[in-house]
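Text of the file my_file-v7.txt, holding compact mmCIF, C-alpha atoms and all ligand atoms:
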```txt
# COMPACT_ATOMS: atom_id res chain seq x y z
CA MET A 1 0.00 0.00 0.00
CA ARG A 2 1.17 3.49 -0.86
CA ILE A 3 -0.45 6.01 1.42
CA VAL A 4 -0.24 9.75 2.10
CA LEU A 5 -1.40 11.00 5.50
CA LEU A 6 -2.53 14.62 5.35
CA GLY A 7 -3.31 16.77 8.35
CA ALA A 8 -2.33 19.87 10.29
CA PRO A 9 0.54 19.79 12.80
CA GLY A 10 -0.77 17.92 15.85
CA SER A 11 -3.43 15.96 13.94
CA GLY A 12 -1.71 12.69 14.83
CA LYS A 13 -0.04 11.79 11.52
CA GLY A 14 3.12 10.58 13.30
CA THR A 15 1.27 8.53 15.90
CA GLN A 16 -1.08 6.92 13.40
CA SER A 17 1.77 6.27 10.92
CA GLN A 18 3.68 4.39 13.61
CA ARG A 19 0.60 2.30 14.35
CA LEU A 20 0.17 1.51 10.66
CA VAL A 21 3.84 0.52 10.41
CA GLU A 22 3.23 -2.06 13.17
CA ARG A 23 0.11 -3.44 11.46
CA VAL A 24 0.97 -3.26 7.76
CA GLY A 25 4.75 -3.63 7.92
CA ILE A 26 5.55 -0.88 5.42
CA PRO A 27 7.86 2.02 6.29
CA GLN A 28 6.77 5.42 7.53
CA ILE A 29 8.52 8.17 5.61
CA SER A 30 8.35 11.39 7.58
CA THR A 31 10.06 14.37 5.96
CA GLY A 32 10.02 16.13 9.34
CA ASP A 33 11.92 13.20 10.94
CA LEU A 34 14.38 13.02 8.02
CA LEU A 35 15.02 16.77 8.26
CA ARG A 36 15.44 16.66 12.06
CA ALA A 37 17.94 13.80 11.66
CA ALA A 38 19.89 15.85 9.09
CA VAL A 39 19.92 18.84 11.47
CA ALA A 40 21.09 16.63 14.38
CA LYS A 41 23.88 15.17 12.23
CA GLY A 42 24.90 18.62 11.07
CA THR A 43 24.84 17.71 7.36
CA GLU A 44 24.74 20.37 4.63
CA LEU A 45 21.04 19.59 4.07
CA GLY A 46 20.36 19.98 7.80
CA ARG A 47 22.21 23.28 7.87
CA GLN A 48 20.14 24.62 4.96
CA ALA A 49 16.84 23.37 6.43
CA LYS A 50 17.33 24.50 10.03
CA GLU A 51 16.36 28.16 9.75
CA ALA A 52 13.03 27.44 8.03
CA MET A 53 12.25 24.68 10.53
CA ASP A 54 13.04 26.84 13.55
CA SER A 55 10.69 29.55 12.33
CA GLY A 56 7.86 27.18 11.30
CA ARG A 57 8.18 27.81 7.54
CA LEU A 58 8.47 25.13 4.88
CA VAL A 59 11.92 23.97 3.85
CA GLU A 60 12.74 24.62 0.19
CA ASP A 61 11.06 22.19 -2.21
CA SER A 62 14.30 21.23 -3.97
CA LEU A 63 15.85 20.03 -0.68
CA VAL A 64 12.79 18.05 0.39
CA LEU A 65 12.26 16.52 -3.06
CA GLY A 66 15.88 15.36 -3.29
CA MET A 67 15.50 13.72 0.10
CA ILE A 68 12.20 12.01 -0.84
CA ARG A 69 13.55 10.77 -4.20
CA GLU A 70 16.45 9.13 -2.40
CA ARG A 71 14.26 7.61 0.34
CA LEU A 72 11.65 6.19 -2.06
CA GLY A 73 14.48 4.55 -3.98
CA GLU A 74 15.47 2.44 -0.98
CA PRO A 75 14.57 -1.28 -1.11
CA ASP A 76 12.06 -1.27 1.80
CA ALA A 77 9.89 1.33 0.02
CA ARG A 78 9.22 -1.09 -2.86
CA ARG A 79 6.64 -2.92 -0.73
CA GLY A 80 4.80 0.35 -0.07
CA PHE A 81 5.07 3.34 2.25
CA ILE A 82 3.24 5.81 4.45
CA LEU A 83 4.15 9.39 3.63
CA ASP A 84 3.84 11.57 6.73
CA GLY A 85 4.29 15.32 6.28
CA PHE A 86 4.89 15.08 2.54
CA PRO A 87 3.67 16.51 0.21
CA ARG A 88 3.18 19.86 1.92
CA ASN A 89 2.23 22.06 -1.06
CA LEU A 90 0.94 21.71 -4.62
CA ALA A 91 4.41 21.80 -6.21
CA GLN A 92 5.47 18.85 -4.02
CA ALA A 93 2.24 16.97 -4.83
CA HIS A 94 2.85 17.36 -8.59
CA ALA A 95 6.48 16.31 -8.16
CA LEU A 96 5.39 13.24 -6.18
CA ASP A 97 2.92 12.31 -8.95
CA ARG A 98 5.71 12.47 -11.52
CA LEU A 99 8.15 10.53 -9.37
CA LEU A 100 5.64 7.74 -8.61
CA ALA A 101 4.66 7.56 -12.30
CA THR A 102 8.33 6.99 -13.18
CA LEU A 103 8.57 4.30 -10.49
CA LYS A 104 5.22 2.81 -11.72
CA GLN A 105 3.98 2.96 -8.13
CA PRO A 106 0.84 5.15 -8.00
CA LEU A 107 -0.72 6.12 -4.67
CA ASP A 108 -3.48 3.89 -3.28
CA ALA A 109 -4.95 6.37 -0.82
CA VAL A 110 -4.67 9.79 0.77
CA VAL A 111 -6.21 10.13 4.22
CA GLN A 112 -6.93 13.52 5.73
CA LEU A 113 -6.93 13.52 9.57
CA GLU A 114 -9.46 16.12 10.70
CA VAL A 115 -8.95 17.84 14.06
CA ASP A 116 -10.40 21.09 15.42
CA SER A 117 -7.80 23.91 15.62
CA ARG A 118 -8.14 24.39 19.44
CA GLU A 119 -7.57 20.67 19.91
CA LEU A 120 -4.47 20.87 17.65
CA VAL A 121 -2.85 23.46 19.93
CA ARG A 122 -3.73 21.41 23.04
CA ARG A 123 -2.23 18.27 21.52
CA ILE A 124 0.98 19.96 20.37
CA SER A 125 1.57 21.27 23.90
CA GLY A 126 1.46 17.68 25.24
CA ARG A 127 3.55 16.13 22.47
CA ARG A 128 6.83 14.46 23.45
CA SER A 129 9.09 11.98 21.68
CA CYS A 130 11.71 9.56 22.88
CA ALA A 131 15.19 10.97 22.34
CA ASP A 132 16.52 7.44 21.70
CA CYS A 133 13.95 5.57 19.57
CA GLY A 134 11.95 8.53 18.22
CA ARG A 135 8.56 7.14 19.21
CA VAL A 136 5.94 9.88 19.55
CA PHE A 137 3.80 10.16 22.70
CA ASN A 138 1.33 12.64 24.04
CA LEU A 139 1.23 13.33 27.76
CA LEU A 140 -2.50 14.13 27.46
CA THR A 141 -3.78 11.55 24.99
CA SER A 142 -1.26 8.70 24.64
CA PRO A 143 1.39 8.69 27.39
CA PRO A 144 3.93 5.85 27.58
CA SER A 145 2.33 2.92 29.37
CA GLY A 146 2.47 -0.87 29.65
CA ALA A 147 4.76 -2.52 27.11
CA ASN A 148 5.22 0.87 25.41
CA ALA A 149 6.77 2.45 28.50
CA VAL A 150 10.19 0.93 27.79
CA CYS A 151 12.39 2.17 24.95
CA PRO A 152 13.21 -0.71 22.56
CA LYS A 153 16.64 0.82 21.91
CA THR A 154 17.83 1.34 25.48
CA GLY A 155 15.69 -1.13 27.46
CA VAL A 156 14.87 1.55 30.05
CA PRO A 157 11.91 3.99 30.21
CA HIS A 158 11.70 6.40 27.25
CA ARG A 159 13.66 9.62 27.55
CA LEU A 160 10.94 12.11 26.62
CA VAL A 161 11.83 15.43 24.99
CA GLN A 162 9.78 18.23 23.45
CA ARG A 163 10.48 19.31 19.88
CA PRO A 164 12.07 22.77 19.71
CA ASP A 165 9.46 23.89 17.12
CA ASP A 166 6.55 22.91 19.39
CA ASN A 167 6.71 26.34 21.11
CA GLU A 168 3.76 28.72 20.90
CA ALA A 169 5.12 31.21 18.32
CA THR A 170 6.36 28.54 15.91
CA VAL A 171 3.18 26.50 16.24
CA THR A 172 1.07 29.53 15.26
CA GLU A 173 3.21 29.98 12.12
CA ARG A 174 3.08 26.25 11.27
CA LEU A 175 -0.72 26.26 11.50
CA ARG A 176 -0.87 29.34 9.24
CA VAL A 177 1.48 27.71 6.72
CA TYR A 178 -0.66 24.57 6.80
CA ASP A 179 -3.83 26.55 5.96
CA GLU A 180 -2.14 28.45 3.16
CA LYS A 181 0.04 25.80 1.50
CA THR A 182 -1.04 22.31 2.57
CA HIS A 183 -4.82 22.61 2.89
CA PRO A 184 -5.26 22.99 -0.92
CA LEU A 185 -3.97 19.42 -1.27
CA ILE A 186 -7.33 18.19 0.03
CA ASP A 187 -9.05 19.35 -3.18
CA PHE A 188 -6.09 18.19 -5.26
CA TYR A 189 -6.41 14.58 -4.05
CA ARG A 190 -10.22 14.67 -3.91
CA ALA A 191 -10.24 15.52 -7.62
CA ARG A 192 -8.09 12.43 -8.23
CA GLY A 193 -10.54 10.19 -6.35
CA LEU A 194 -7.95 9.28 -3.73
CA LEU A 195 -9.12 11.27 -0.71
CA GLN A 196 -10.62 9.81 2.45
CA VAL A 197 -11.42 12.13 5.38
CA ILE A 198 -11.58 10.77 8.91
CA ASP A 199 -12.44 12.30 12.26
CA ALA A 200 -9.09 12.19 14.07
CA GLU A 201 -10.38 13.42 17.46
CA GLY A 202 -11.08 11.26 20.48
CA ASP A 203 -9.49 8.04 21.61
CA VAL A 204 -6.28 7.20 19.73
CA ASP A 205 -7.37 3.55 19.25
CA ASP A 206 -10.68 4.69 17.76
CA VAL A 207 -8.82 6.92 15.30
CA THR A 208 -6.61 3.98 14.28
CA ALA A 209 -9.74 1.88 13.73
CA ARG A 210 -11.27 4.64 11.54
CA LEU A 211 -8.04 4.92 9.59
CA ALA A 212 -7.89 1.16 9.01
CA GLN A 213 -11.50 1.19 7.84
CA ALA A 214 -10.87 4.13 5.48
CA LEU A 215 -7.96 2.32 3.91
CA HIS A 216 -10.11 -0.64 2.81
CA ALA A 217 -11.95 1.18 0.05
CA PRO A 218 -9.06 2.77 -1.82
CA ALA A 219 -7.11 -0.46 -1.60
CA LEU A 220 -9.99 -2.25 -3.28
CA ARG A 221 -10.70 0.48 -5.79
CA SER A 222 -7.70 0.15 -8.04
CA PRO A 223 -8.60 2.55 -10.87
CA ARG A 224 -6.43 0.74 -13.41
CA ARG A 225 -7.75 -2.79 -12.75
CA ARG A 226 -11.47 -2.12 -12.39
CA PRO A 227 -12.50 -1.47 -16.04
CA ALA A 228 -10.52 -4.53 -17.19
CA ARG A 229 -12.51 -6.76 -14.82
CA LYS A 230 -15.83 -5.33 -16.04
CA SER A 231 -15.12 -5.68 -19.74
CA ALA A 232 -13.83 -9.24 -19.36
CA ALA A 233 -17.00 -10.15 -17.51
CA ARG A 234 -19.25 -8.61 -20.16
CA ALA A 235 -17.36 -10.43 -22.94
CA LYS A 236 -18.21 -13.74 -21.33
CA GLY A 237 -21.86 -12.71 -21.16
CA SER A 238 -22.40 -14.44 -17.85
CA ARG A 239 -23.27 -12.46 -14.74
CA ARG A 240 -22.46 -15.39 -12.50
CA LYS A 241 -19.01 -15.88 -13.98
CA ALA A 242 -18.45 -12.15 -13.77
CA ALA A 243 -19.23 -12.07 -10.06
CA LYS A 244 -16.85 -15.00 -9.47
CA LYS A 245 -14.09 -13.31 -11.44
CA THR A 246 -14.57 -10.02 -9.60
CA ARG A 247 -14.27 -11.80 -6.26
CA ALA A 248 -11.09 -13.52 -7.39
CA ALA A 249 -9.55 -10.33 -8.74
CA ARG A 250 -10.33 -8.45 -5.54
CA LYS A 251 -8.84 -11.09 -3.29
CA PRO A 252 -5.27 -9.75 -2.96
CA SER A 253 -6.44 -6.23 -2.22
CA ARG A 254 -8.92 -7.52 0.34
CA ARG A 255 -6.21 -9.46 2.01
CA ALA A 256 -4.03 -6.35 2.08
CA ALA A 257 -6.88 -4.33 3.55
CA ALA A 258 -7.67 -7.02 6.11
CA LYS A 259 -4.03 -6.97 7.15
CA VAL A 260 -4.50 -3.39 8.33
CA ALA A 261 -7.53 -4.18 10.48
CA ARG A 262 -6.83 -7.80 11.42
CA PRO A 263 -5.05 -7.19 14.75
CA ARG A 264 -8.11 -5.43 16.03
CA ARG A 265 -10.55 -8.25 15.19
CA PRO A 266 -11.25 -11.44 17.11
CA ALA A 267 -9.66 -14.51 15.49
CA GLY A 268 -12.93 -15.87 14.04
CA ALA A 269 -13.89 -12.61 12.41
CA ALA A 270 -10.36 -12.16 11.06
CA ALA A 271 -10.56 -15.55 9.41
CA ARG A 272 -13.87 -14.64 7.81
CA HIS A 273 -12.61 -11.31 6.53
CA GLY A 274 -9.16 -12.41 5.49
CA LYS A 275 -9.90 -15.83 3.98
CA ALA A 276 -13.36 -15.77 2.50
CA PRO A 277 -13.33 -19.12 0.60
CA ARG A 278 -12.33 -21.16 3.69
CA ALA A 279 -14.97 -19.41 5.82
CA THR A 280 -17.58 -20.22 3.16
CA ARG A 281 -16.66 -23.92 3.31
CA SER A 282 -16.83 -23.97 7.09
CA ALA A 283 -20.17 -22.16 6.98
CA ARG A 284 -21.42 -24.93 4.66
CA ARG A 285 -20.13 -27.56 7.09
CA ARG A 286 -21.92 -25.85 10.00
CA LYS A 287 -25.11 -25.72 7.94
CA GLY A 288 -24.74 -29.46 7.16
CA ALA A 289 -24.22 -30.28 10.83
CA ARG A 290 -27.43 -28.53 11.78
CA ARG A 291 -29.49 -30.61 9.31
P1 LIG A 301 6.79 17.96 10.84
O1 LIG A 301 7.60 17.08 11.74
O2 LIG A 301 6.16 17.21 9.71
O3 LIG A 301 5.81 18.81 11.60
O4 LIG A 301 7.84 18.97 10.17
C1 LIG A 301 8.64 19.84 10.94
C2 LIG A 301 9.19 20.93 10.05
O5 LIG A 301 10.00 20.34 9.02
C3 LIG A 301 8.14 21.74 9.31
O6 LIG A 301 7.61 22.80 10.10
C4 LIG A 301 8.93 22.24 8.10
O7 LIG A 301 9.78 23.32 8.47
C5 LIG A 301 9.82 21.04 7.78
N1 LIG A 301 9.18 20.14 6.82
C6 LIG A 301 8.74 18.86 7.06
N2 LIG A 301 8.23 18.31 5.96
C7 LIG A 301 8.33 19.25 4.98
C8 LIG A 301 7.97 19.28 3.62
N3 LIG A 301 7.37 18.25 3.02
N4 LIG A 301 8.25 20.42 2.92
C9 LIG A 301 8.85 21.46 3.50
N5 LIG A 301 9.20 21.50 4.79
C10 LIG A 301 8.95 20.40 5.54
```
Could the structure of this file be written out as structure tokens, please?
Ligand code: AMP
Amino acid sequence: MRIVLLGAPGSGKGTQSQRLVERVGIPQISTGDLLRAAVAKGTELGRQAKEAMDSGRLVEDSLVLGMIRERLGEPDARRGFILDGFPRNLAQAHALDRLLATLKQPLDAVVQLEVDSRELVRRISGRRSCADCGRVFNLLTSPPSGANAVCPKTGVPHRLVQRPDDNEATVTERLRVYDEKTHPLIDFYRARGLLQVIDAEGDVDDVTARLAQALHAPALRSPRRRPARKSAARAKGSRRKAAKKTRAARKPSRRAAAKVARPRRPAGAAARHGKAPRATRSARRRKGARR
């Protein structure tokens, strides 16, 4: 699956991306994280990006695009990816389209995480990340707890730090930049039939469940495969055969979609959703047993 997560700063893109990584097993590509790493390492890219980041402005497109091109070329991105914080303006969205067309890897879905602006500010003030493993927490909504309280890198409790650009003045500027430059991407992706909008307020688990549900439809609606299935079915002139073929053609995408939601379902339901033919046979057996 190739996914873009859109949303204002504080909408939970990082948190939800990390949860998707655990469930789907594809990498999260966060331009913010890549840029922060470059700044921390003191590379030339980091040096050029730092001033814009510190003031809440966007880093120059050419720098971000070079970074993304390189990252999408890495082997783990061939299985799919979750883009978090990229694209951030229309020029980046067009450049991403061109790049993915060259790689023959079009996007499957774009999900917009909707959060009220007062809630965004509240969330950003509680946001912390582990200085060692980078995991994002929120002291108000998703503090470290249980198995997640220990850093997988150090084996001791997470060392929580606040991002330097999560201060009040920079946050105000980042929200303004989002409205001006990033918000237009909602219409851009809606026009391409890729956009899903979800309510990203409330319990973090509920948001993950909504995200998983939203990702089913685009994964099943592959715009390139759908007409081919229809015309093949019509050529055969049999509605029954057509239905069978459609089910068969959809199977891999369904399985991929089920993979997103499966951890949240009880085992029986997961089997039904993930492996339809086997469940149908067992349903027949149950029916036979009742007779
Ligand atoms: P984020 O962690 O996504 O909130 O990004 C932190 C900062 O990194 C932003 O405020 C920008 O200065 C910069 N940044 C991240 N992604 C991009 C991008 N796609 N284009 C330009 N600047 C970016």
Quick one: which chain A residues come within 9 Å of ligand LIG 301 (chain A), and what is the nearest atom pair for each with the distance in Å to one decimal, counting only C-alpha atoms and all ligand atoms, rows ordered by chain and ascending number, as a Markdown table?
```
| residue | atom | partner | partner_atom | distance |
| --- | --- | --- | --- | --- |
| A:Ala8 | CA | A:LIG301 | O3 | 8.3 |
| A:Pro9 | CA | A:LIG301 | O3 | 5.5 |
| A:Gly10 | CA | A:LIG301 | O3 | 7.9 |
| A:Lys13 | CA | A:LIG301 | O2 | 8.4 |
| A:Gly14 | CA | A:LIG301 | O1 | 8.0 |
| A:Ser30 | CA | A:LIG301 | O2 | 6.6 |
| A:Thr31 | CA | A:LIG301 | N2 | 4.3 |
| A:Gly32 | CA | A:LIG301 | O1 | 3.5 |
| A:Asp33 | CA | A:LIG301 | O1 | 5.9 |
| A:Leu34 | CA | A:LIG301 | C6 | 8.2 |
| A:Leu35 | CA | A:LIG301 | O5 | 6.2 |
| A:Arg36 | CA | A:LIG301 | O5 | 7.2 |
| A:Ala49 | CA | A:LIG301 | O7 | 7.3 |
| A:Lys50 | CA | A:LIG301 | O7 | 7.8 |
| A:Glu51 | CA | A:LIG301 | O7 | 8.3 |
| A:Ala52 | CA | A:LIG301 | O7 | 5.3 |
| A:Met53 | CA | A:LIG301 | O7 | 3.5 |
| A:Asp54 | CA | A:LIG301 | O7 | 7.0 |
| A:Ser55 | CA | A:LIG301 | O7 | 7.4 |
| A:Gly56 | CA | A:LIG301 | O6 | 4.5 |
| A:Arg57 | CA | A:LIG301 | O7 | 4.9 |
| A:Leu58 | CA | A:LIG301 | N5 | 3.7 |
| A:Val59 | CA | A:LIG301 | N5 | 3.8 |
| A:Glu60 | CA | A:LIG301 | C9 | 6.0 |
| A:Asp61 | CA | A:LIG301 | N4 | 6.1 |
| A:Leu63 | CA | A:LIG301 | C9 | 8.3 |
| A:Val64 | CA | A:LIG301 | N4 | 5.7 |
| A:Leu65 | CA | A:LIG301 | N3 | 8.0 |
| A:Ile68 | CA | A:LIG301 | N3 | 8.8 |
| A:Asp84 | CA | A:LIG301 | O2 | 6.8 |
| A:Gly85 | CA | A:LIG301 | O2 | 4.3 |
| A:Phe86 | CA | A:LIG301 | N3 | 4.1 |
| A:Pro87 | CA | A:LIG301 | N3 | 5.0 |
| A:Arg88 | CA | A:LIG301 | N3 | 4.6 |
| A:Asn89 | CA | A:LIG301 | N4 | 7.4 |
| A:Gln92 | CA | A:LIG301 | N3 | 7.3 |
| A:Arg163 | CA | A:LIG301 | O1 | 8.9 |
| A:Asp165 | CA | A:LIG301 | O6 | 7.3 |
| A:Asp166 | CA | A:LIG301 | O3 | 8.8 |
| A:Thr170 | CA | A:LIG301 | O6 | 8.3 |
| A:Val171 | CA | A:LIG301 | O6 | 8.4 |
| A:Glu173 | CA | A:LIG301 | O6 | 8.7 |
| A:Arg174 | CA | A:LIG301 | O6 | 5.8 |
| A:Val177 | CA | A:LIG301 | O6 | 8.6 |
```
Using only C-alpha atoms, which of A:Thr141, A:Gln28, A:Met67, A:Val110 sits nearest Val207 in chain A?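 Using only C-alpha atoms, the shortest distance to Val207 in chain A belongs to A:Thr141.
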Contacts of Arg127 in chain A within 7 Å, all atoms listed in the file, excl. fewer than 3 positions in-chain, as JSON, numbers by chain: {"A": [123, 124, 137, 138, 139, 162]}
When you look at range 98-105 of chain A with a cut-off of 10 Å (counting all atoms listed in the file), what residues show up, excluding the ones that are within fewer than 5 positions of it in the same chain? I need them as a list in words.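 Near neighbours after the sequence-gap exclusion: Met1, Arg2, Leu65, Ile68, Arg69, Leu72, Gly73, Arg78, Arg79, Gly80, Gln92 and Ala93 of chain A.
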One decimal, in Å: what's the spacing between CA of Gly12 in chain A and CA of Phe188 in chain A?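 Interatomic distance here is 21.3 Å.
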In Å, with one decimal, what is the gap from CA of Gln48 in chain A to CA of Arg128 in chain A?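 Distance reported for this atom pair: 24.9 Å.
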Identify the residues within 12 Å of coordinate (18.1, 0.8, 23.4) (same frame as the file), considering only C-alpha atoms, and give the answer as a PDB file with C-alpha atoms, in the coordinates of the input.
```pdb
ATOM      1  CA  CYS A 130      11.710   9.560  22.880  1.00  0.00           C
ATOM      2  CA  ALA A 131      15.190  10.970  22.340  1.00  0.00           C
ATOM      3  CA  ASP A 132      16.520   7.440  21.700  1.00  0.00           C
ATOM      4  CA  CYS A 133      13.950   5.570  19.570  1.00  0.00           C
ATOM      5  CA  GLY A 134      11.950   8.530  18.220  1.00  0.00           C
ATOM      6  CA  VAL A 150      10.190   0.930  27.790  1.00  0.00           C
ATOM      7  CA  CYS A 151      12.390   2.170  24.950  1.00  0.00           C
ATOM      8  CA  PRO A 152      13.210  -0.710  22.560  1.00  0.00           C
ATOM      9  CA  LYS A 153      16.640   0.820  21.910  1.00  0.00           C
ATOM     10  CA  THR A 154      17.830   1.340  25.480  1.00  0.00           C
ATOM     11  CA  GLY A 155      15.690  -1.130  27.460  1.00  0.00           C
ATOM     12  CA  VAL A 156      14.870   1.550  30.050  1.00  0.00           C
ATOM     13  CA  PRO A 157      11.910   3.990  30.210  1.00  0.00           C
ATOM     14  CA  HIS A 158      11.700   6.400  27.250  1.00  0.00           C
ATOM     15  CA  ARG A 159      13.660   9.620  27.550  1.00  0.00           C
TER      16      ARG A 159
END
```
Mind pulling up the distance from CA of Pro27 in chain A to CA of Ala109 in chain A?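 If I compute the distance from CA of Ala109 in chain A to CA of Pro27 in chain A, I get 15.3 Å.
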Shortest interatomic distance to Tyr178 in chain A - which of A:Ala149, A:Ser117, A:Phe81, A:Gln213, counting all atoms listed in the file: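 Using all atoms listed in the file, the shortest distance to Tyr178 in chain A belongs to A:Ser117.
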Tell me, as a PyMOL selection string, which residues lie within 9 Å of Leu113 in chain A, counting only C-alpha atoms; anything in the same chain fewer than 3 positions away does not count. chain A and resi 5-8+11-13+196-201+207+211
For Ala214 in chain A, which residue out of A:Val111, A:Leu96, A:Leu90, A:Val161 is the nearest one, using all atoms listed in the file?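 Between A:Val111, A:Leu96, A:Leu90, A:Val161, the residue approaching Ala214 in chain A most closely is A:Val111.
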Filled-in N, CA and C atoms of range 6-20 of chain A, supplied as a compact mmCIF listing (two decimals), keeping the file's coordinate frame:
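What landed in selection_6.txt:
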```txt
# COMPACT_ATOMS: atom_id res chain seq x y z
N LEU A 6 -2.47 13.15 5.35
CA LEU A 6 -2.53 14.62 5.35
C LEU A 6 -3.13 15.08 6.68
N GLY A 7 -2.70 16.23 7.14
CA GLY A 7 -3.31 16.77 8.35
C GLY A 7 -2.43 17.86 8.92
N ALA A 8 -3.06 18.74 9.69
CA ALA A 8 -2.33 19.87 10.29
C ALA A 8 -1.34 19.35 11.33
N PRO A 9 -0.36 20.20 11.71
CA PRO A 9 0.54 19.79 12.80
C PRO A 9 -0.30 19.45 14.04
N GLY A 10 -0.02 18.32 14.65
CA GLY A 10 -0.77 17.92 15.85
C GLY A 10 -1.99 17.06 15.55
N SER A 11 -2.23 16.76 14.27
CA SER A 11 -3.43 15.96 13.94
C SER A 11 -3.21 14.48 14.19
N GLY A 12 -1.97 14.09 14.48
CA GLY A 12 -1.71 12.69 14.83
C GLY A 12 -1.13 11.86 13.69
N LYS A 13 -0.60 12.52 12.67
CA LYS A 13 -0.04 11.79 11.52
C LYS A 13 1.09 10.85 11.97
N GLY A 14 1.97 11.39 12.83
CA GLY A 14 3.12 10.58 13.30
C GLY A 14 2.66 9.38 14.11
N THR A 15 1.76 9.62 15.05
CA THR A 15 1.27 8.53 15.90
C THR A 15 0.57 7.47 15.07
N GLN A 16 -0.31 7.90 14.19
CA GLN A 16 -1.08 6.92 13.40
C GLN A 16 -0.18 6.21 12.39
N SER A 17 0.82 6.92 11.85
CA SER A 17 1.77 6.27 10.92
C SER A 17 2.48 5.14 11.64
N GLN A 18 2.94 5.41 12.86
CA GLN A 18 3.68 4.39 13.61
C GLN A 18 2.80 3.17 13.88
N ARG A 19 1.52 3.42 14.12
CA ARG A 19 0.60 2.30 14.35
C ARG A 19 0.38 1.50 13.06
N LEU A 20 0.32 2.21 11.94
CA LEU A 20 0.17 1.51 10.66
C LEU A 20 1.42 0.68 10.33
```
